[in-house]
file entry_12.pdb (PDB, C-alpha atoms and all ligand atoms)
ATOM      1  CA  MET A   1       0.000   0.000   0.000  1.00  0.00           C
ATOM      2  CA  SER A   2       1.389   3.420  -0.837  1.00  0.00           C
ATOM      3  CA  THR A   3       2.292   5.910   1.854  1.00  0.00           C
ATOM      4  CA  VAL A   4      -0.527   8.008   3.235  1.00  0.00           C
ATOM      5  CA  SER A   5      -0.028  11.774   3.218  1.00  0.00           C
ATOM      6  CA  LEU A   6      -0.183  13.205   6.687  1.00  0.00           C
ATOM      7  CA  PRO A   7      -1.602  16.264   8.326  1.00  0.00           C
ATOM      8  CA  PHE A   8       0.746  15.622  11.262  1.00  0.00           C
ATOM      9  CA  GLN A   9       3.023  18.439  12.380  1.00  0.00           C
ATOM     10  CA  PRO A  10       6.094  17.170  14.241  1.00  0.00           C
ATOM     11  CA  SER A  11       6.913  19.374  17.226  1.00  0.00           C
ATOM     12  CA  LEU A  12      10.380  20.625  18.122  1.00  0.00           C
ATOM     13  CA  PHE A  13      10.148  18.642  21.353  1.00  0.00           C
ATOM     14  CA  GLY A  14       9.296  15.404  19.552  1.00  0.00           C
ATOM     15  CA  SER A  15      11.858  15.681  16.774  1.00  0.00           C
ATOM     16  CA  GLY A  16      15.081  14.267  18.262  1.00  0.00           C
ATOM     17  CA  ASP A  17      16.422  10.742  17.971  1.00  0.00           C
ATOM     18  CA  PRO A  18      13.884   8.197  19.251  1.00  0.00           C
ATOM     19  CA  LEU A  19      15.208   6.769  22.527  1.00  0.00           C
ATOM     20  CA  GLY A  20      13.414   4.882  25.308  1.00  0.00           C
ATOM     21  CA  ASP A  21      14.055   5.875  28.920  1.00  0.00           C
ATOM     22  CA  PRO A  22      16.018   2.933  30.420  1.00  0.00           C
ATOM     23  CA  SER A  23      15.103   4.030  33.959  1.00  0.00           C
ATOM     24  CA  PHE A  24      11.339   4.120  33.247  1.00  0.00           C
ATOM     25  CA  SER A  25      11.358   7.130  35.569  1.00  0.00           C
ATOM     26  CA  THR A  26       7.817   8.326  34.796  1.00  0.00           C
ATOM     27  CA  LEU A  27       6.182   4.914  35.147  1.00  0.00           C
ATOM     28  CA  ARG A  28       3.162   4.447  37.394  1.00  0.00           C
ATOM     29  CA  ARG A  29       1.214   1.202  37.901  1.00  0.00           C
ATOM     30  CA  PHE A  30      -2.602   1.149  37.994  1.00  0.00           C
ATOM     31  CA  TRP A  31      -4.258  -1.987  39.362  1.00  0.00           C
ATOM     32  CA  LEU A  32      -7.510  -2.784  37.543  1.00  0.00           C
ATOM     33  CA  ASP A  33      -8.306  -5.612  39.988  1.00  0.00           C
ATOM     34  CA  THR A  34      -6.190  -7.912  42.145  1.00  0.00           C
ATOM     35  CA  GLU A  35      -4.802  -9.749  39.080  1.00  0.00           C
ATOM     36  CA  SER A  36      -4.647  -7.197  36.282  1.00  0.00           C
ATOM     37  CA  TRP A  37      -2.625  -4.017  35.905  1.00  0.00           C
ATOM     38  CA  VAL A  38      -1.695  -1.233  33.516  1.00  0.00           C
ATOM     39  CA  ASP A  39       1.636   0.596  33.605  1.00  0.00           C
ATOM     40  CA  LEU A  40       1.681   4.086  32.136  1.00  0.00           C
ATOM     41  CA  ALA A  41       4.998   5.841  31.511  1.00  0.00           C
ATOM     42  CA  PRO A  42       4.342   9.300  30.034  1.00  0.00           C
ATOM     43  CA  ASP A  43       7.096  10.556  27.678  1.00  0.00           C
ATOM     44  CA  TRP A  44       8.956   7.239  27.896  1.00  0.00           C
ATOM     45  CA  LEU A  45      10.157   7.663  24.289  1.00  0.00           C
ATOM     46  CA  SER A  46      11.984  10.841  23.363  1.00  0.00           C
ATOM     47  CA  GLY A  47      11.820  11.897  19.707  1.00  0.00           C
ATOM     48  CA  PRO A  48       8.412  10.264  19.092  1.00  0.00           C
ATOM     49  CA  ASP A  49       7.652  12.488  16.096  1.00  0.00           C
ATOM     50  CA  THR A  50      10.809  11.341  14.323  1.00  0.00           C
ATOM     51  CA  LEU A  51       9.704   7.730  14.716  1.00  0.00           C
ATOM     52  CA  PHE A  52       6.149   8.601  13.661  1.00  0.00           C
ATOM     53  CA  THR A  53       7.431  10.087  10.387  1.00  0.00           C
ATOM     54  CA  GLN A  54       9.830   7.191   9.771  1.00  0.00           C
ATOM     55  CA  LEU A  55       7.108   4.579  10.226  1.00  0.00           C
ATOM     56  CA  ALA A  56       4.373   6.512   8.437  1.00  0.00           C
ATOM     57  CA  GLU A  57       6.613   6.850   5.394  1.00  0.00           C
ATOM     58  CA  SER A  58       8.354   3.494   5.274  1.00  0.00           C
ATOM     59  CA  ALA A  59       6.498   0.756   7.162  1.00  0.00           C
ATOM     60  CA  PRO A  60       4.743  -1.788   4.864  1.00  0.00           C
ATOM     61  CA  TRP A  61       1.188  -0.692   5.728  1.00  0.00           C
ATOM     62  CA  GLN A  62      -1.689  -2.909   4.715  1.00  0.00           C
ATOM     63  CA  GLN A  63      -5.433  -2.503   4.668  1.00  0.00           C
ATOM     64  CA  ARG A  64      -6.854  -5.670   6.241  1.00  0.00           C
ATOM     65  CA  GLU A  65     -10.448  -6.772   5.859  1.00  0.00           C
ATOM     66  CA  ARG A  66     -12.718  -8.736   8.137  1.00  0.00           C
ATOM     67  CA  THR A  67     -16.095 -10.405   7.821  1.00  0.00           C
ATOM     68  CA  MET A  68     -19.001  -8.655   9.530  1.00  0.00           C
ATOM     69  CA  TYR A  69     -22.556  -9.857   9.071  1.00  0.00           C
ATOM     70  CA  ASP A  70     -21.494 -11.873   5.973  1.00  0.00           C
ATOM     71  CA  GLN A  71     -19.820  -8.840   4.378  1.00  0.00           C
ATOM     72  CA  ARG A  72     -16.139  -8.130   3.867  1.00  0.00           C
ATOM     73  CA  VAL A  73     -15.347  -4.729   5.390  1.00  0.00           C
ATOM     74  CA  ALA A  74     -12.095  -2.793   5.646  1.00  0.00           C
ATOM     75  CA  GLU A  75     -10.672  -2.484   9.159  1.00  0.00           C
ATOM     76  CA  PRO A  76     -10.775   1.140  10.315  1.00  0.00           C
ATOM     77  CA  ARG A  77      -6.972   1.491  10.457  1.00  0.00           C
ATOM     78  CA  LEU A  78      -3.849   0.313   8.626  1.00  0.00           C
ATOM     79  CA  THR A  79      -1.639  -2.367  10.119  1.00  0.00           C
ATOM     80  CA  CYS A  80       1.668  -4.161   9.664  1.00  0.00           C
ATOM     81  CA  GLY A  81       4.186  -5.984  11.811  1.00  0.00           C
ATOM     82  CA  TRP A  82       7.482  -7.784  12.137  1.00  0.00           C
ATOM     83  CA  ALA A  83       9.304 -10.332  14.239  1.00  0.00           C
ATOM     84  CA  VAL A  84      11.564  -8.201  16.424  1.00  0.00           C
ATOM     85  CA  SER A  85      14.584  -9.843  14.754  1.00  0.00           C
ATOM     86  CA  ASP A  86      13.462  -8.345  11.393  1.00  0.00           C
ATOM     87  CA  ALA A  87      12.259  -4.963  12.703  1.00  0.00           C
ATOM     88  CA  PRO A  88      14.008  -1.744  11.688  1.00  0.00           C
ATOM     89  CA  PRO A  89      15.901   0.308  14.280  1.00  0.00           C
ATOM     90  CA  PRO A  90      15.083   1.677  16.767  1.00  0.00           C
ATOM     91  CA  LEU A  91      12.129  -0.723  17.218  1.00  0.00           C
ATOM     92  CA  ASP A  92      14.524  -3.612  17.969  1.00  0.00           C
ATOM     93  CA  ASP A  93      16.399  -1.598  20.637  1.00  0.00           C
ATOM     94  CA  LEU A  94      13.126  -0.591  22.272  1.00  0.00           C
ATOM     95  CA  ALA A  95      12.183  -4.296  22.433  1.00  0.00           C
ATOM     96  CA  ASP A  96      15.412  -4.991  24.379  1.00  0.00           C
ATOM     97  CA  LEU A  97      14.658  -2.232  26.890  1.00  0.00           C
ATOM     98  CA  LEU A  98      11.117  -3.510  27.392  1.00  0.00           C
ATOM     99  CA  SER A  99      12.209  -7.157  27.646  1.00  0.00           C
ATOM    100  CA  GLU A 100      14.754  -6.301  30.345  1.00  0.00           C
ATOM    101  CA  ARG A 101      12.218  -4.336  32.325  1.00  0.00           C
ATOM    102  CA  TYR A 102       9.317  -6.794  32.053  1.00  0.00           C
ATOM    103  CA  GLN A 103      11.411  -9.985  32.102  1.00  0.00           C
ATOM    104  CA  VAL A 104       9.728 -11.553  29.097  1.00  0.00           C
ATOM    105  CA  HIS A 105      11.136 -11.854  25.592  1.00  0.00           C
ATOM    106  CA  PHE A 106       9.149  -9.420  23.469  1.00  0.00           C
ATOM    107  CA  ASP A 107       9.585 -11.025  20.061  1.00  0.00           C
ATOM    108  CA  SER A 108       6.873  -9.548  17.852  1.00  0.00           C
ATOM    109  CA  ILE A 109       5.815  -6.044  16.896  1.00  0.00           C
ATOM    110  CA  GLY A 110       2.436  -4.984  15.522  1.00  0.00           C
ATOM    111  CA  LEU A 111       1.760  -1.475  14.226  1.00  0.00           C
ATOM    112  CA  ASN A 112      -1.590   0.275  13.943  1.00  0.00           C
ATOM    113  CA  TYR A 113      -1.950   3.451  11.947  1.00  0.00           C
ATOM    114  CA  TYR A 114      -5.018   5.500  12.909  1.00  0.00           C
ATOM    115  CA  ARG A 115      -5.088   7.952  10.020  1.00  0.00           C
ATOM    116  CA  HIS A 116      -7.646  10.268  11.651  1.00  0.00           C
ATOM    117  CA  GLY A 117     -10.197  10.262  14.450  1.00  0.00           C
ATOM    118  CA  ARG A 118     -12.550   7.945  12.545  1.00  0.00           C
ATOM    119  CA  ASP A 119     -10.017   5.123  12.694  1.00  0.00           C
ATOM    120  CA  SER A 120     -10.268   2.943  15.789  1.00  0.00           C
ATOM    121  CA  VAL A 121      -9.948  -0.516  17.294  1.00  0.00           C
ATOM    122  CA  ALA A 122     -13.025  -2.138  18.858  1.00  0.00           C
ATOM    123  CA  TRP A 123     -13.200  -3.718  22.323  1.00  0.00           C
ATOM    124  CA  HIS A 124     -11.117  -6.888  22.385  1.00  0.00           C
ATOM    125  CA  GLY A 125      -8.527  -8.923  24.289  1.00  0.00           C
ATOM    126  CA  ASP A 126      -5.363  -9.846  22.432  1.00  0.00           C
ATOM    127  CA  ARG A 127      -5.245 -13.382  20.981  1.00  0.00           C
ATOM    128  CA  VAL A 128      -1.995 -14.077  22.796  1.00  0.00           C
ATOM    129  CA  ARG A 129      -4.229 -14.929  25.772  1.00  0.00           C
ATOM    130  CA  PHE A 130      -5.055 -18.236  24.062  1.00  0.00           C
ATOM    131  CA  VAL A 131      -1.480 -19.394  24.601  1.00  0.00           C
ATOM    132  CA  LEU A 132      -0.259 -17.448  27.653  1.00  0.00           C
ATOM    133  CA  GLN A 133      -1.588 -17.193  31.209  1.00  0.00           C
ATOM    134  CA  ARG A 134      -0.212 -13.717  31.883  1.00  0.00           C
ATOM    135  CA  PRO A 135       0.740 -12.028  28.634  1.00  0.00           C
ATOM    136  CA  GLN A 136       2.282  -8.597  28.855  1.00  0.00           C
ATOM    137  CA  VAL A 137       1.471  -6.249  25.982  1.00  0.00           C
ATOM    138  CA  ALA A 138       3.527  -3.049  25.673  1.00  0.00           C
ATOM    139  CA  ILE A 139       2.254  -0.190  23.500  1.00  0.00           C
ATOM    140  CA  VAL A 140       4.281   2.865  22.491  1.00  0.00           C
ATOM    141  CA  SER A 141       2.118   5.722  21.187  1.00  0.00           C
ATOM    142  CA  LEU A 142       3.230   8.133  18.451  1.00  0.00           C
ATOM    143  CA  GLY A 143       1.442  11.161  17.022  1.00  0.00           C
ATOM    144  CA  THR A 144      -1.857  12.589  18.172  1.00  0.00           C
ATOM    145  CA  PRO A 145      -3.211  11.804  21.669  1.00  0.00           C
ATOM    146  CA  ARG A 146      -6.057   9.269  21.846  1.00  0.00           C
ATOM    147  CA  ARG A 147      -8.234   7.766  24.551  1.00  0.00           C
ATOM    148  CA  PHE A 148      -7.469   4.187  25.535  1.00  0.00           C
ATOM    149  CA  GLY A 149     -10.223   2.329  27.399  1.00  0.00           C
ATOM    150  CA  LEU A 150     -10.346  -0.862  29.452  1.00  0.00           C
ATOM    151  CA  ARG A 151     -13.464  -2.622  30.708  1.00  0.00           C
ATOM    152  CA  PRO A 152     -14.040  -5.891  32.583  1.00  0.00           C
ATOM    153  CA  ARG A 153     -14.932  -8.707  30.170  1.00  0.00           C
ATOM    154  CA  GLY A 154     -18.067  -9.607  32.134  1.00  0.00           C
ATOM    155  CA  GLY A 155     -19.276  -6.007  32.459  1.00  0.00           C
ATOM    156  CA  GLY A 156     -18.616  -3.372  35.109  1.00  0.00           C
ATOM    157  CA  THR A 157     -16.833  -0.070  35.482  1.00  0.00           C
ATOM    158  CA  GLY A 158     -14.094   0.658  32.996  1.00  0.00           C
ATOM    159  CA  GLN A 159     -10.991   2.788  33.193  1.00  0.00           C
ATOM    160  CA  TRP A 160      -9.769   5.365  30.695  1.00  0.00           C
ATOM    161  CA  PHE A 161      -6.308   6.705  29.919  1.00  0.00           C
ATOM    162  CA  THR A 162      -5.119   9.328  27.465  1.00  0.00           C
ATOM    163  CA  VAL A 163      -2.067   8.139  25.536  1.00  0.00           C
ATOM    164  CA  GLU A 164       0.097  10.805  23.936  1.00  0.00           C
ATOM    165  CA  GLY A 165       3.073  10.706  21.568  1.00  0.00           C
ATOM    166  CA  GLY A 166       6.010   9.103  23.420  1.00  0.00           C
ATOM    167  CA  ASP A 167       3.889   7.455  26.130  1.00  0.00           C
ATOM    168  CA  LEU A 168       4.316   3.788  26.998  1.00  0.00           C
ATOM    169  CA  LEU A 169       1.310   1.785  28.193  1.00  0.00           C
ATOM    170  CA  VAL A 170       1.783  -1.846  29.284  1.00  0.00           C
ATOM    171  CA  MET A 171      -1.046  -4.249  30.111  1.00  0.00           C
ATOM    172  CA  GLY A 172      -0.145  -7.163  32.353  1.00  0.00           C
ATOM    173  CA  GLY A 173      -1.352  -9.864  34.715  1.00  0.00           C
ATOM    174  CA  ARG A 174      -4.782 -11.219  33.671  1.00  0.00           C
ATOM    175  CA  CYS A 175      -5.609  -8.119  31.602  1.00  0.00           C
ATOM    176  CA  GLN A 176      -5.981  -9.893  28.229  1.00  0.00           C
ATOM    177  CA  HIS A 177      -8.152 -12.607  29.821  1.00  0.00           C
ATOM    178  CA  ASP A 178     -10.377 -10.632  32.176  1.00  0.00           C
ATOM    179  CA  TRP A 179     -10.446  -7.182  30.555  1.00  0.00           C
ATOM    180  CA  GLU A 180     -11.002  -5.807  27.058  1.00  0.00           C
ATOM    181  CA  HIS A 181      -9.409  -2.694  25.604  1.00  0.00           C
ATOM    182  CA  THR A 182     -10.266  -0.216  22.851  1.00  0.00           C
ATOM    183  CA  VAL A 183      -9.157   2.945  21.057  1.00  0.00           C
ATOM    184  CA  PRO A 184     -12.526   4.483  20.157  1.00  0.00           C
ATOM    185  CA  LYS A 185     -13.370   6.827  17.330  1.00  0.00           C
ATOM    186  CA  THR A 186     -13.218  10.518  18.114  1.00  0.00           C
ATOM    187  CA  THR A 187     -14.665  13.538  16.358  1.00  0.00           C
ATOM    188  CA  ARG A 188     -11.376  15.400  16.571  1.00  0.00           C
ATOM    189  CA  GLY A 189      -7.955  14.025  16.041  1.00  0.00           C
ATOM    190  CA  GLY A 190      -5.009  13.734  13.714  1.00  0.00           C
ATOM    191  CA  PRO A 191      -3.020  10.599  12.966  1.00  0.00           C
ATOM    192  CA  ARG A 192      -1.623   8.215  15.572  1.00  0.00           C
ATOM    193  CA  ILE A 193       0.596   5.148  15.279  1.00  0.00           C
ATOM    194  CA  SER A 194       0.757   2.527  18.024  1.00  0.00           C
ATOM    195  CA  VAL A 195       3.723   0.167  18.248  1.00  0.00           C
ATOM    196  CA  THR A 196       2.699  -2.969  20.145  1.00  0.00           C
ATOM    197  CA  TYR A 197       5.215  -5.442  21.558  1.00  0.00           C
ATOM    198  CA  ARG A 198       4.081  -8.979  22.392  1.00  0.00           C
ATOM    199  CA  HIS A 199       5.796 -12.150  23.563  1.00  0.00           C
ATOM    200  CA  THR A 200       5.004 -15.743  22.666  1.00  0.00           C
ATOM    201  CA  SER A 201       6.484 -17.554  25.669  1.00  0.00           C
ATOM    202  CA  GLU A 202       6.515 -17.075  29.420  1.00  0.00           C
ATOM    203  CA  GLU A 203      10.150 -18.137  29.706  1.00  0.00           C
ATOM    204  CA  PRO A 204      12.069 -15.470  31.665  1.00  0.00           C
ATOM    205  CA  PHE A 205      14.054 -13.087  29.495  1.00  0.00           C
ATOM    206  CA  THR A 206      17.805 -13.554  29.383  1.00  0.00           C
ATOM    207  CA  ALA A 207      19.751 -10.611  28.025  1.00  0.00           C
ATOM    208  CA  PRO A 208      22.011 -11.474  25.052  1.00  0.00           C
ATOM    209  CA  PRO A 209      25.759 -11.108  25.733  1.00  0.00           C
ATOM    210  CA  ARG A 210      26.976  -7.597  24.869  1.00  0.00           C
TER     211      ARG A 210
HETATM  212  O1  LIG B   1      -3.485   1.295  19.361  1.00  0.00           O
HETATM  213  C1  LIG B   1      -3.537   0.895  20.512  1.00  0.00           C
HETATM  214  O2  LIG B   1      -3.110   1.558  21.443  1.00  0.00           O
HETATM  215  C2  LIG B   1      -4.171  -0.442  20.803  1.00  0.00           C
HETATM  216  C3  LIG B   1      -3.833  -1.486  19.784  1.00  0.00           C
HETATM  217  C4  LIG B   1      -4.505  -2.789  20.042  1.00  0.00           C
HETATM  218  O3  LIG B   1      -5.342  -2.934  20.900  1.00  0.00           O
HETATM  219  C5  LIG B   1      -4.155  -3.947  19.231  1.00  0.00           C
HETATM  220  O4  LIG B   1      -3.372  -3.819  18.284  1.00  0.00           O
HETATM  221  O5  LIG B   1      -4.638  -5.054  19.523  1.00  0.00           O
END

call {"tool": "encode", "arguments": {"input": "entry_12.pdb", "output": "structure tokens", "more": "lines below"}}
Ligand SMILES: O=C(O)CCC(=O)C(=O)O
result
Amino acid sequence: MSTVSLPFQPSLFGSGDPLGDPSFSTLRRFWLDTESWVDLAPDWLSGPDTLFTQLAESAPWQQRERTMYDQRVAEPRLTCGWAVSDAPPPLDDLADLLSERYQVHFDSIGLNYYRHGRDSVAWHGDRVRFVLQRPQVAIVSLGTPRRFGLRPRGGGTGQWFTVEGGDLLVMGGRCQHDWEHTVPKTTRGGPRISVTYRHTSEEPFTAPPR
């Protein structure tokens, strides 16, 4: 799919080299219940606008379709992904930082490109829950701020976060099993890219020799 032209204005603040904060100094944990949590680290990634532009222009975006009520419909966002071993820098380095912190081997990356406020992702739990008891899912946000919602799978009070360019949000514990998450449509809003790191095993992470 060809590159999409963007009404996104990189800011001076967001335009440096993209680097994750190895100390996770802004991170705060929110417990959703006794088993499920969300970590939010505002401004974890410096230079988020540089990475936004790099990915918007060069990632292999695709328009996926899904079946709804017997009809094929386009998903309301573009997507693509890599194994971490094939991902372009600095996405591979960010995976190392996250793996060290969360002690799991983040080995896959999925990107979502919300081109405008009408793009979204519906309530869901990630499929990795079918193979893992306690999957951790780490999402780095780039571009325009969006709301990120979580609600208990069986119904009940949800929780909302605003994720801005450079923020890191990590879901852990039983979150993918017992909670669903969404990025809803909004009437306002420019483009956003989310970079999602997932792991496929619960083996503890061992750092490669340097
Ligand atoms: O864009 C986001 O922050 C959420 C992405 C997501 O839920 C997914 O890719 O499954």

call {"tool": "atom_distance", "arguments": {"input": "entry_12.pdb", "atom1": "atom CA of Trp179 of chain A", "atom2": "atom CA of Leu55 of chain A"}}
result
29.3 Å

call {"tool": "resolve_selection", "arguments": {"input": "entry_12.pdb", "expression": "the PyMOL selection byres (((chain A and resi 128-139) around 6) and not hetatm)", "output": "CSV table (one decimal) with C-alpha atoms, in the coordinates of the input"}}
result
chain,number,residue,atom,x,y,z
A,126,ASP,CA,-5.4,-9.8,22.4
A,127,ARG,CA,-5.2,-13.4,21.0
A,140,VAL,CA,4.3,2.9,22.5
A,168,LEU,CA,4.3,3.8,27.0
A,169,LEU,CA,1.3,1.8,28.2
A,170,VAL,CA,1.8,-1.8,29.3
A,171,MET,CA,-1.0,-4.2,30.1
A,172,GLY,CA,-0.1,-7.2,32.4
A,173,GLY,CA,-1.4,-9.9,34.7
A,174,ARG,CA,-4.8,-11.2,33.7
A,176,GLN,CA,-6.0,-9.9,28.2
A,195,VAL,CA,3.7,0.2,18.2
A,196,THR,CA,2.7,-3.0,20.1
A,197,TYR,CA,5.2,-5.4,21.6
A,198,ARG,CA,4.1,-9.0,22.4

call {"tool": "resolve_selection", "arguments": {"input": "entry_12.pdb", "expression": "the PyMOL selection byres (((chain A and resi 62) around 10) and not hetatm)", "output": "list in words"}}
result
Met1, Ser2, Ala59, Pro60, Trp61, Gln63, Arg64, Glu65, Arg77, Leu78, Thr79, Cys80, Gly81, Asn112 and Tyr113 of chain A

call {"tool": "residues_near_ligand", "arguments": {"input": "entry_12.pdb", "ligand": "ligand LIG 1 (chain B)", "cutoff": "7 Å", "atoms": "only C-alpha atoms and all ligand atoms", "output": "list in words"}}
result
Gly110, Leu111, Asn112, Val121, Asp126, Ile139, Ser141, Phe148, His181, Thr182, Val183, Ile193, Ser194 and Thr196 of chain A

call {"tool": "write_last_selection", "arguments": {"input": "entry_12.pdb", "atoms": "C-alpha atoms", "output": "PDB file, in the coordinates of the input"}}
result
ATOM      1  CA  GLY A 110       2.436  -4.984  15.522  1.00  0.00           C
ATOM      2  CA  LEU A 111       1.760  -1.475  14.226  1.00  0.00           C
ATOM      3  CA  ASN A 112      -1.590   0.275  13.943  1.00  0.00           C
ATOM      4  CA  VAL A 121      -9.948  -0.516  17.294  1.00  0.00           C
ATOM      5  CA  ASP A 126      -5.363  -9.846  22.432  1.00  0.00           C
ATOM      6  CA  ILE A 139       2.254  -0.190  23.500  1.00  0.00           C
ATOM      7  CA  SER A 141       2.118   5.722  21.187  1.00  0.00           C
ATOM      8  CA  PHE A 148      -7.469   4.187  25.535  1.00  0.00           C
ATOM      9  CA  HIS A 181      -9.409  -2.694  25.604  1.00  0.00           C
ATOM     10  CA  THR A 182     -10.266  -0.216  22.851  1.00  0.00           C
ATOM     11  CA  VAL A 183      -9.157   2.945  21.057  1.00  0.00           C
ATOM     12  CA  ILE A 193       0.596   5.148  15.279  1.00  0.00           C
ATOM     13  CA  SER A 194       0.757   2.527  18.024  1.00  0.00           C
ATOM     14  CA  THR A 196       2.699  -2.969  20.145  1.00  0.00           C
TER      15      THR A 196
END

call {"tool": "atom_distance", "arguments": {"input": "entry_12.pdb", "atom1": "atom CA of Ser25 of chain A", "atom2": "atom CA of Pro191 of chain A"}}
result
27.0 Å

call {"tool": "residues_near_point", "arguments": {"input": "entry_12.pdb", "point": "(4.2, 7.0, 30.7)", "cutoff": "7 Å", "atoms": "only C-alpha atoms", "output": "PyMOL selection string"}}
result
chain A and resi 26-27+40-44+167-169

call {"tool": "residues_around", "arguments": {"input": "entry_12.pdb", "residues": "Asp21 of chain A", "least_positions_apart": "2", "cutoff": "7 Å", "atoms": "only C-alpha atoms", "output": "PyMOL selection string"}}
result
chain A and resi 19+23-24+44-45

call {"tool": "resolve_selection", "arguments": {"input": "entry_12.pdb", "expression": "the PyMOL selection byres (((chain A and resi 160) around 8) and not hetatm)", "output": "PyMOL selection string"}}
result
chain A and resi 147-150+158-159+161-162

call {"tool": "closest_residue", "arguments": {"input": "entry_12.pdb", "among": "A:Asp86, A:Gly125, A:Arg192, A:Pro22", "to": "Ser99 of chain A", "atoms": "all atoms listed in the file"}}
result
A:Pro22

call {"tool": "atom_distance", "arguments": {"input": "entry_12.pdb", "atom1": "atom CA of Glu180 of chain A", "atom2": "atom CA of Pro152 of chain A"}}
result
6.3 Å

call {"tool": "residues_around", "arguments": {"input": "entry_12.pdb", "residues": "Ser120 of chain A", "least_positions_apart": "5", "cutoff": "6 Å", "atoms": "all atoms listed in the file", "output": "list of chain:residue names"}}
result
A:Pro76, A:Val183, A:Pro184, A:Lys185

call {"tool": "axis_aligned_box", "arguments": {"input": "entry_12.pdb", "around": "segment 156-166 of chain A", "padding_each_side": "4 Å", "output": "lines of an AutoDock Vina configuration file"}}
result
center_x = -6.3
center_y = 3.7
center_z = 28.5
size_x = 32.6
size_y = 22.2
size_z = 21.9

call {"tool": "residues_around", "arguments": {"input": "entry_12.pdb", "residues": "Ala83 of chain A", "least_positions_apart": "3", "cutoff": "8 Å", "atoms": "all atoms listed in the file", "output": "number ranges by chain"}}
result
A: 86-87, 107-109

call {"tool": "closest_residue", "arguments": {"input": "entry_12.pdb", "among": "A:Gly166, A:Phe106, A:Asp96, A:Gly156", "to": "Asp17 of chain A", "atoms": "only C-alpha atoms"}}
result
A:Gly166

call {"tool": "closest_residue", "arguments": {"input": "entry_12.pdb", "among": "A:Arg153, A:Val38, A:Arg115, A:Pro88", "to": "Asp178 of chain A", "atoms": "all atoms listed in the file"}}
result
A:Arg153

call {"tool": "build_atoms", "arguments": {"input": "entry_12.pdb", "residues": "segment 113-126 of chain A", "atoms": "N, CA and C atoms", "output": "compact mmCIF listing (two decimals), keeping the file's coordinate frame"}}
result
# COMPACT_ATOMS: atom_id res chain seq x y z
N TYR A 113 -2.00 2.07 12.42
CA TYR A 113 -1.95 3.45 11.95
C TYR A 113 -3.39 3.98 11.90
N TYR A 114 -3.71 4.84 12.86
CA TYR A 114 -5.02 5.50 12.91
C TYR A 114 -4.84 6.81 12.13
N ARG A 115 -5.39 6.84 10.92
CA ARG A 115 -5.09 7.95 10.02
C ARG A 115 -5.75 9.25 10.44
N HIS A 116 -6.85 9.13 11.19
CA HIS A 116 -7.65 10.27 11.65
C HIS A 116 -8.55 9.76 12.76
N GLY A 117 -9.37 10.64 13.31
CA GLY A 117 -10.20 10.26 14.45
C GLY A 117 -11.23 9.19 14.15
N ARG A 118 -11.54 8.96 12.88
CA ARG A 118 -12.55 7.94 12.54
C ARG A 118 -11.96 6.54 12.54
N ASP A 119 -10.64 6.45 12.56
CA ASP A 119 -10.02 5.12 12.69
C ASP A 119 -10.01 4.72 14.17
N SER A 120 -10.05 3.41 14.41
CA SER A 120 -10.27 2.94 15.79
C SER A 120 -9.92 1.45 15.88
N VAL A 121 -9.93 0.93 17.10
CA VAL A 121 -9.95 -0.52 17.29
C VAL A 121 -11.03 -0.82 18.33
N ALA A 122 -11.86 -1.81 18.02
CA ALA A 122 -13.02 -2.14 18.86
C ALA A 122 -12.58 -2.87 20.13
N TRP A 123 -13.48 -2.99 21.08
CA TRP A 123 -13.20 -3.72 22.32
C TRP A 123 -12.74 -5.14 22.01
N HIS A 124 -11.64 -5.53 22.60
CA HIS A 124 -11.12 -6.89 22.38
C HIS A 124 -10.06 -7.19 23.44
N GLY A 125 -9.72 -8.49 23.57
CA GLY A 125 -8.53 -8.92 24.29
C GLY A 125 -7.59 -9.52 23.27
N ASP A 126 -6.29 -9.37 23.46
CA ASP A 126 -5.36 -9.85 22.43
C ASP A 126 -5.34 -11.38 22.39
